[in-house]
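K.L.:
Sharing a structure, written as structure tokens. Questions coming.
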Amino acid sequence: MSFATLRQQLADMIANPDVWTVYAYPPPTPTANSISITPDEPYVEINNNTTSLSLTARFKLHICVPLLDNQGNLGLIEDFILALVPKIDHTYINISSVSQPKILSIPTGDLLTSDVSIELLTSWSQT
């Protein structure tokens, strides 16, 4: 399974088209009401044994909402986080942290952002 496949499966899992747009990769320019799947640090940890290759892949779910007023935007990003968490399959994905909101200034306007850090356990056969 490729990393692109992992990102797309994750994007499909967290889809909520009436609320946010999901990008399975970092978009050229972040957009309001979106979640982008980006590599986290460390991106991959590899555990070798004789029959399989076990990997822990880390991603950030980068949430972006419009920055209009402090109270409304903080409430909106908190609502996104609360709606996102139940969509994640906790049988093989661990949510490790959620960052504090911060302002992202881009030419199209300011956004309020927060990162949800996750870890996926997966494996590849060495045959």
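In the structure tokens, the first chain shown is A, the next is B, and so on; residue numbers restart at 1 for each chain, and ligands run from 1 in the order shown.
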Using only C-alpha atoms, tabulate the residues of stretch 32-71 of chain A lying at most 8 Å from any atom of stretch 12-28 of chain A, each with its closest atom pair and that distance in Å to one decimal, by chain and increasing residue number, as JSON lines.
P.N.:
{"residue": "A:Asn33", "atom": "CA", "partner": "A:Trp20", "partner_atom": "CA", "distance": 4.9}
{"residue": "A:Ser34", "atom": "CA", "partner": "A:Thr21", "partner_atom": "CA", "distance": 4.5}
{"residue": "A:Ile35", "atom": "CA", "partner": "A:Val22", "partner_atom": "CA", "distance": 4.9}
{"residue": "A:Ser36", "atom": "CA", "partner": "A:Tyr23", "partner_atom": "CA", "distance": 4.6}
{"residue": "A:Ile37", "atom": "CA", "partner": "A:Ala24", "partner_atom": "CA", "distance": 5.2}
{"residue": "A:Thr38", "atom": "CA", "partner": "A:Pro26", "partner_atom": "CA", "distance": 5.7}
K.L.:
Can you tell me which residues surround stretch 50-63 of chain A at a distance of at most 7 Å, considering only C-alpha atoms, apart from same-chain residues fewer than 6 positions away, and format the answer as a ChimeraX atom specification?
P.N.:
/A:34-44,113-126
K.L.:
Pull N, CA and C atoms from the residues just selected and write them as a compact mmCIF listing (two decimals), in the first residue's frame.
P.N.:
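As a result, part_33.txt now contains:
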# COMPACT_ATOMS: atom_id res chain seq x y z
N SER A 34 -11.70 23.77 5.25
CA SER A 34 -11.04 22.62 4.64
C SER A 34 -10.18 21.89 5.66
N ILE A 35 -9.87 20.63 5.32
CA ILE A 35 -8.92 19.83 6.08
C ILE A 35 -7.94 19.24 5.08
N SER A 36 -6.66 19.49 5.29
CA SER A 36 -5.60 18.97 4.42
C SER A 36 -4.81 17.92 5.18
N ILE A 37 -4.49 16.84 4.50
CA ILE A 37 -3.70 15.77 5.10
C ILE A 37 -2.25 15.99 4.70
N THR A 38 -1.40 16.26 5.69
CA THR A 38 0.00 16.56 5.44
C THR A 38 0.89 15.66 6.32
N PRO A 39 2.12 15.39 5.89
CA PRO A 39 3.02 14.60 6.72
C PRO A 39 3.32 15.29 8.05
N ASP A 40 3.47 14.50 9.09
CA ASP A 40 3.84 15.02 10.41
C ASP A 40 5.27 14.58 10.70
N GLU A 41 5.80 14.96 11.82
CA GLU A 41 7.18 14.65 12.20
C GLU A 41 7.19 13.73 13.41
N PRO A 42 7.88 12.63 13.43
CA PRO A 42 8.51 12.02 12.27
C PRO A 42 7.44 11.43 11.36
N TYR A 43 7.68 11.47 10.07
CA TYR A 43 6.69 11.03 9.09
C TYR A 43 6.43 9.53 9.19
N VAL A 44 7.51 8.73 9.22
CA VAL A 44 7.37 7.27 9.24
C VAL A 44 8.37 6.67 10.21
N THR A 113 -6.29 28.28 11.97
CA THR A 113 -5.93 26.90 11.71
C THR A 113 -5.63 26.14 13.00
N SER A 114 -5.76 24.84 12.92
CA SER A 114 -5.38 23.95 14.01
C SER A 114 -4.99 22.62 13.38
N ASP A 115 -4.03 21.92 13.97
CA ASP A 115 -3.56 20.64 13.46
C ASP A 115 -3.96 19.51 14.40
N VAL A 116 -4.57 18.47 13.84
CA VAL A 116 -4.86 17.25 14.58
C VAL A 116 -3.81 16.23 14.14
N SER A 117 -2.95 15.82 15.06
CA SER A 117 -1.89 14.87 14.75
C SER A 117 -2.39 13.45 14.98
N ILE A 118 -2.18 12.59 13.95
CA ILE A 118 -2.63 11.21 14.04
C ILE A 118 -1.50 10.26 13.67
N GLU A 119 -1.63 9.01 14.11
CA GLU A 119 -0.68 7.94 13.79
C GLU A 119 -1.46 6.76 13.24
N LEU A 120 -1.01 6.22 12.11
CA LEU A 120 -1.62 5.04 11.49
C LEU A 120 -0.63 3.90 11.55
N LEU A 121 -1.08 2.75 11.98
CA LEU A 121 -0.24 1.56 11.96
C LEU A 121 -0.60 0.76 10.73
N THR A 122 0.39 0.45 9.92
CA THR A 122 0.16 -0.34 8.70
C THR A 122 1.35 -1.24 8.48
N SER A 123 1.22 -2.16 7.53
CA SER A 123 2.34 -3.06 7.26
C SER A 123 2.39 -3.43 5.79
N TRP A 124 3.57 -3.80 5.33
CA TRP A 124 3.82 -4.27 3.98
C TRP A 124 4.48 -5.62 4.07
N SER A 125 4.17 -6.51 3.17
CA SER A 125 4.83 -7.82 3.11
C SER A 125 6.15 -7.68 2.36
N GLN A 126 7.16 -8.41 2.79
CA GLN A 126 8.46 -8.37 2.14
C GLN A 126 8.64 -9.55 1.18
K.L.:
I'd like the interatomic distance between atom CA of A:Val98 and atom CA of A:Leu76, to a tenth of an Å.
P.N.:
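Answer for the atom CA of A:Val98 to atom CA of A:Leu76 separation: 14.8 Å.
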